[in-house]
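A.B. asks: Take a look at the following structure, please.
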Amino acid sequence: METLYLTLLALALGGALGALWATSRARHAHEAALQEKAALAASLDAERRSGAEKLALLHDAETKLRDAFAALSSEALKQNTESFLHLARTSLGEFQRAATTDLDVRQKAIDTLVQPLRESLKNVDTKLNEVERGRASSQAQLSEQLRSLSQAQNVLHSETTKLARALRSPNVRGQWGEIQLRRILESAGLLEAIHFDFKGSTQTDEGRLSPDVIIKLPGGKNVVVDAKVPLSAYLDAMENDDDHQRDAKLKDHARQLKDHVTRLANKNYWAHFQPAPDIVVMFVPGEALLSSAMQHDPALLEFSMGKGIMLASPLSLIALLKAIAYGWQQDTVARNAQEISDLGRHLYDRIAKLAEHFETVGRSLAKAVQAYNGAIGTLESRVLVTARRLKDKGVTVSEEFREIEPVDQTPRLLGAPELVGLFDDVTVDGEIVAEAAAGAPRDLTRGTPVI
């Protein structure tokens, strides 16, 4: 914007200099015309003086030539004078008109050249005013935002100070670690009272042991988790601006963490919450807390594992809990598969029992058909023969005996592949009937396959 403004200003100055140059030329031309006019006036004066001299000579000769040349000389002098004056007056007027016309044309050219520059400067001035108003508004908004940011920073600093002061209290620090631990357990998909228990405790010879969480593993085992971690040295390090003092405080923090590992190992949680692995998870509720301690004491992890304590930050703990949750899922799948297997075995046994009942019903029906056909044979061969003889002897009957058809269909045997072979031999009236080679059901009354 500043470059554009300087460019436009340079153009305006160049145009103004050009206009001044044109005005100077017009002024020089006007001065030349005035000089020429002065020359003409001088010439006219000279002519007048010359005429006066001639008049004097004529006056001297008047006396001599008054009569002869008086009228002629006077008229000639008068005509010459008037003609000269008219000619001079005409030339001077034309020159003045030409100079005026040329000056007007140059003035118009200057106005035409300067007018765009004037408009451009006016637009630039308008834009600069708008930019200035926008800058003032932006400056006011920025000042307001900086004021709000300063207030928010003051509030944040106050709240951070309160939080740091609160975390120095062991009770508050323990509650904060328990809240972090509960959130991680729930995010891993574990359920309280099913997969883990808070504040489980047991009485020992040294006193009551109360770990923060007891996580249950598939198969009945337990994993003990403790979330009590010292933070005082770490908070002091974060509040210290001197690098050497901060480094000393972080080393003190690593030492406090190592001392806590020793105290936690001396409690022997795995011996009092059986069955449990010979390890206790020490939950550090912050990645920076554990990483800074291990940075200033590289042997801390090896030392803790040697004591039977596994250091776990939120990321590593959630990975461990995800593996435990997956184990519970697989255990649930295995139990469901076993239950499905047991249900399938019971269902198969019951189907086999039902098939046996159906087989019994089929045998009974076959016996009923055999008895029915035997009764029909007796009726036809014994009873009806005698009855027809009574009619031949003259006994009057209302209607003829209807012919009774025997039943030649038998119940269908069980032919499902799952049920074939359940009953190898079929006994009908004390006789054993062998199954057809093709597995077709048999007519139990005749011992032949049913086609």
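Each chain in the structure tokens gets a letter, A, B and so on, in the order shown; residues start at 1 in every chain, and ligands are counted from 1 in the order they appear.
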Could you name the residues that touch range 321-323 of chain A at 12 Å or less, counting only C-alpha atoms, but leaving out those on the same chain fewer than 6 positions away, as a PyMOL selection string?
C.D. replies: chain A and resi 181-191+195-196+215-218+223+225+281+312-315+329-330
A.B. asks: Please produce a file of the residues just selected, as a compact mmCIF listing (two decimals), in the first residue's frame, where the atoms kept are C-alpha atoms.
C.D. replies:
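Final file, selection00.txt:
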```txt
# COMPACT_ATOMS: atom_id res chain seq x y z
CA LEU A 181 -7.87 -45.93 37.38
CA ARG A 182 -11.66 -46.33 37.29
CA ARG A 183 -11.90 -44.51 33.96
CA ILE A 184 -9.23 -46.75 32.44
CA LEU A 185 -10.93 -49.91 33.74
CA GLU A 186 -14.28 -48.86 32.30
CA SER A 187 -12.76 -47.79 28.97
CA ALA A 188 -11.12 -51.24 28.69
CA GLY A 189 -14.59 -52.84 28.90
CA LEU A 190 -14.32 -54.34 32.40
CA LEU A 191 -17.31 -54.27 34.76
CA HIS A 195 -14.27 -58.27 36.49
CA PHE A 196 -12.80 -56.10 39.29
CA ILE A 215 -8.77 -57.41 38.98
CA LYS A 216 -10.19 -60.89 38.46
CA LEU A 217 -8.65 -63.09 35.79
CA PRO A 218 -10.33 -65.98 33.96
CA VAL A 223 -4.22 -59.11 39.88
CA VAL A 225 -3.37 -52.79 41.45
CA VAL A 281 0.70 -53.49 39.27
CA ALA A 312 2.15 -49.06 34.54
CA SER A 313 1.28 -45.71 33.00
CA PRO A 314 -2.25 -45.11 31.63
CA LEU A 315 -1.24 -46.33 28.15
CA GLN A 329 -14.33 -62.74 26.23
CA GLN A 330 -12.58 -65.95 25.24
```
A.B. asks: Nearest to Thr100 in chain A: which of A:Ala319, A:Val407, A:Leu117, A:Ala29 is it, counting only C-alpha atoms?
C.D. replies: A:Ala29
A.B. asks: So how far away is CA of Lys249 in chain A from CA of Ser232 in chain A, in Å?
C.D. replies: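 So the answer is 9.3 Å.
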A.B. asks: Please, which residues of range 182-375 of chain A, numbered as in this document, come out strand (DSSP E) from DSSP, as a list in words?
C.D. replies: Phe196, Asp197, Phe198, Thr202, Gln203, Thr204, Gly207, Arg208, Leu209, Val213, Ile214, Ile215, Lys216, Asn222, Val223, Val224, Val225, Asp226, Val280, Val281, Met282, Phe283, Ile309, Met310, Leu311 and Ala312 of chain A
A.B. asks: Using DSSP secondary structure from the backbone, list all helix (DSSP H, G or I) positions within range 220-386 of chain A, as a PyMOL selection string.
C.D. replies: chain A and resi 232-239+243-266+269-272+287-296+300-306+314-386
